[in-house]
Amino acid sequence: MTTTTTTTAAAPAAPSAPPARRRRRGLAPGRPLPAARLLGPLLLLALWAAASAAGRLDPAAIPAPWTVLRTGVRLWTDGTLSTDVLTSLRRAAYGFALGLTAGVLLALASGLSRTGEALIDGTVQLNRAIPTLGLIPLFILWLGIGETFKIAIIAIVVYVPVYLNTHAALSGIDSRFVELAEVQGLSRYRFIRQIVIPGALPGFFVGLRLGVTGSWLGLVVLEQINATSGLGYLMFQAQNYGQTDVILVGLAIYGIFGLASDSAVRIVERRVLSWRRTLSS
């Protein structure tokens, strides 16, 4: 007798689901926050107001923000503050324009020519090693105590960082781009326009931001030396009379001007260098 064995094929097992993948955390800082650079100053202002309201600050040493605001409104209504602000803006603008022009021209002459570099770079490095504010007594003897020496000092404060960063950017241009321009037969003008300027712009904007900040830092010192108008003069007079609120008004305006000018340079930089892909963008 033959026994027939029937084998039933087992059904194939359902494929197991792949293990869930953990999302890798991005290394980039993320999207920029709207008005991010105002968060820090606003937080500082809030802490100042809270400490003043709680009586933690001596009003004679650090007046409350609302006291400083009332003082600023009063000075503006009297016409004192508006005149001093316009005077300071004019000094800063003249000195910044001269320093920016000198820094760019010297950087181009030094960065595009070995002869120019030999004649200019060492002199600028020597000037950088000398404290600019230490030149004030000498410039007073040369130019007098009027507006000329103030504008000249601001121009020196501005041109040094503009030159250094622009020259460094020019020196950092890849030599292969120069070889490519020679192979393509570019003229000197097209070489500067298509290779030199785009390569130097990132460094130029760094120097520009430092120069803008330097113009305000130099101004606040210069306007307290033999001046009869300007925000620094207003603060110096307030010091003699113990008017802390007036001093804080001047400091607040300097800070607002510095932040606004730096933000304006950032906006221009972002538009001009829109082709770059960086962490900040």
# chains A, B, ... in the order shown; residues from 1 in each chain; ligands from 1
call {"tool": "residues_around", "arguments": {"residues": "Glu147 of chain A", "least_positions_apart": "2", "cutoff": "12 Å", "atoms": "only C-alpha atoms", "output": "PyMOL selection string"}}
result
chain A and resi 87-88+90-92+94-95+139-140+143-145+149-154+219+222-223+225-230
call {"tool": "residues_around", "arguments": {"residues": "Trp48 of chain A", "least_positions_apart": "5", "cutoff": "10 Å", "atoms": "only C-alpha atoms", "output": "PyMOL selection string"}}
result
chain A and resi 42-43+53-54+56-57+62-65
call {"tool": "closest_residue", "arguments": {"among": "A:Ala129, A:Ala181, A:Val68, A:Val104", "to": "Thr244 of chain A", "atoms": "only C-alpha atoms"}}
result
A:Val68
call {"tool": "residues_around", "arguments": {"residues": "Trp275 of chain A", "least_positions_apart": "4", "cutoff": "12 Å", "atoms": "only C-alpha atoms", "output": "ChimeraX atom specification"}}
result
/A:198,201-202,269-271,281
call {"tool": "decode", "arguments": {"residues": "segment 54-75 of chain A", "atoms": "N, CA, C and O atoms", "output": "tab-separated table (two decimals), in the first residue's frame"}}
result
chain	number	residue	atom	x	y	z
A	54	ALA	N	11.17	98.62	39.05
A	54	ALA	CA	11.28	97.92	40.33
A	54	ALA	C	12.15	98.67	41.32
A	54	ALA	O	12.31	98.21	42.46
A	55	GLY	N	12.70	99.79	40.94
A	55	GLY	CA	13.54	100.56	41.83
A	55	GLY	C	14.92	100.00	42.06
A	55	GLY	O	15.58	100.32	43.05
A	56	ARG	N	15.38	99.15	41.12
A	56	ARG	CA	16.70	98.53	41.26
A	56	ARG	C	17.83	99.45	40.78
A	56	ARG	O	19.00	99.17	41.05
A	57	LEU	N	17.49	100.50	40.05
A	57	LEU	CA	18.50	101.39	39.50
A	57	LEU	C	18.37	102.77	40.13
A	57	LEU	O	17.26	103.26	40.37
A	58	ASP	N	19.50	103.38	40.39
A	58	ASP	CA	19.53	104.73	40.95
A	58	ASP	C	19.15	105.72	39.85
A	58	ASP	O	19.86	105.82	38.84
A	59	PRO	N	18.05	106.47	39.97
A	59	PRO	CA	17.65	107.40	38.91
A	59	PRO	C	18.68	108.46	38.61
A	59	PRO	O	18.74	108.98	37.48
A	60	ALA	N	19.49	108.81	39.60
A	60	ALA	CA	20.52	109.83	39.35
A	60	ALA	C	21.65	109.28	38.49
A	60	ALA	O	22.29	110.03	37.75
A	61	ALA	N	21.93	107.97	38.58
A	61	ALA	CA	23.01	107.37	37.80
A	61	ALA	C	22.50	106.85	36.46
A	61	ALA	O	23.11	107.10	35.42
A	62	ILE	N	21.39	106.11	36.49
A	62	ILE	CA	20.81	105.55	35.26
A	62	ILE	C	19.33	105.88	35.27
A	62	ILE	O	18.53	105.14	35.89
A	63	PRO	N	18.92	106.97	34.64
A	63	PRO	CA	17.49	107.31	34.61
A	63	PRO	C	16.68	106.25	33.86
A	63	PRO	O	17.21	105.47	33.07
A	64	ALA	N	15.40	106.22	34.11
A	64	ALA	CA	14.51	105.27	33.45
A	64	ALA	C	14.39	105.60	31.96
A	64	ALA	O	14.62	106.75	31.54
A	65	PRO	N	14.04	104.62	31.14
A	65	PRO	CA	13.91	104.88	29.69
A	65	PRO	C	12.91	105.97	29.37
A	65	PRO	O	13.14	106.77	28.46
A	66	TRP	N	11.80	106.04	30.10
A	66	TRP	CA	10.80	107.06	29.81
A	66	TRP	C	11.31	108.46	30.18
A	66	TRP	O	10.95	109.43	29.52
A	67	THR	N	12.20	108.53	31.17
A	67	THR	CA	12.81	109.82	31.50
A	67	THR	C	13.73	110.27	30.39
A	67	THR	O	13.74	111.45	29.99
A	68	VAL	N	14.53	109.34	29.85
A	68	VAL	CA	15.42	109.66	28.75
A	68	VAL	C	14.62	110.06	27.52
A	68	VAL	O	14.98	111.01	26.80
A	69	LEU	N	13.50	109.38	27.28
A	69	LEU	CA	12.66	109.72	26.13
A	69	LEU	C	12.08	111.11	26.27
A	69	LEU	O	12.07	111.89	25.30
A	70	ARG	N	11.59	111.46	27.45
A	70	ARG	CA	11.06	112.80	27.66
A	70	ARG	C	12.13	113.86	27.47
A	70	ARG	O	11.88	114.92	26.89
A	71	THR	N	13.35	113.57	27.94
A	71	THR	CA	14.45	114.52	27.75
A	71	THR	C	14.77	114.71	26.28
A	71	THR	O	15.00	115.83	25.81
A	72	GLY	N	14.78	113.60	25.52
A	72	GLY	CA	15.04	113.70	24.09
A	72	GLY	C	13.98	114.52	23.36
A	72	GLY	O	14.30	115.35	22.50
A	73	VAL	N	12.71	114.32	23.72
A	73	VAL	CA	11.63	115.10	23.10
A	73	VAL	C	11.77	116.57	23.44
A	73	VAL	O	11.58	117.45	22.58
A	74	ARG	N	12.12	116.86	24.68
A	74	ARG	CA	12.28	118.27	25.09
A	74	ARG	C	13.43	118.94	24.34
A	74	ARG	O	13.29	120.07	23.85
A	75	LEU	N	14.55	118.24	24.22
A	75	LEU	CA	15.69	118.81	23.51
A	75	LEU	C	15.38	119.00	22.03
A	75	LEU	O	15.82	119.98	21.41
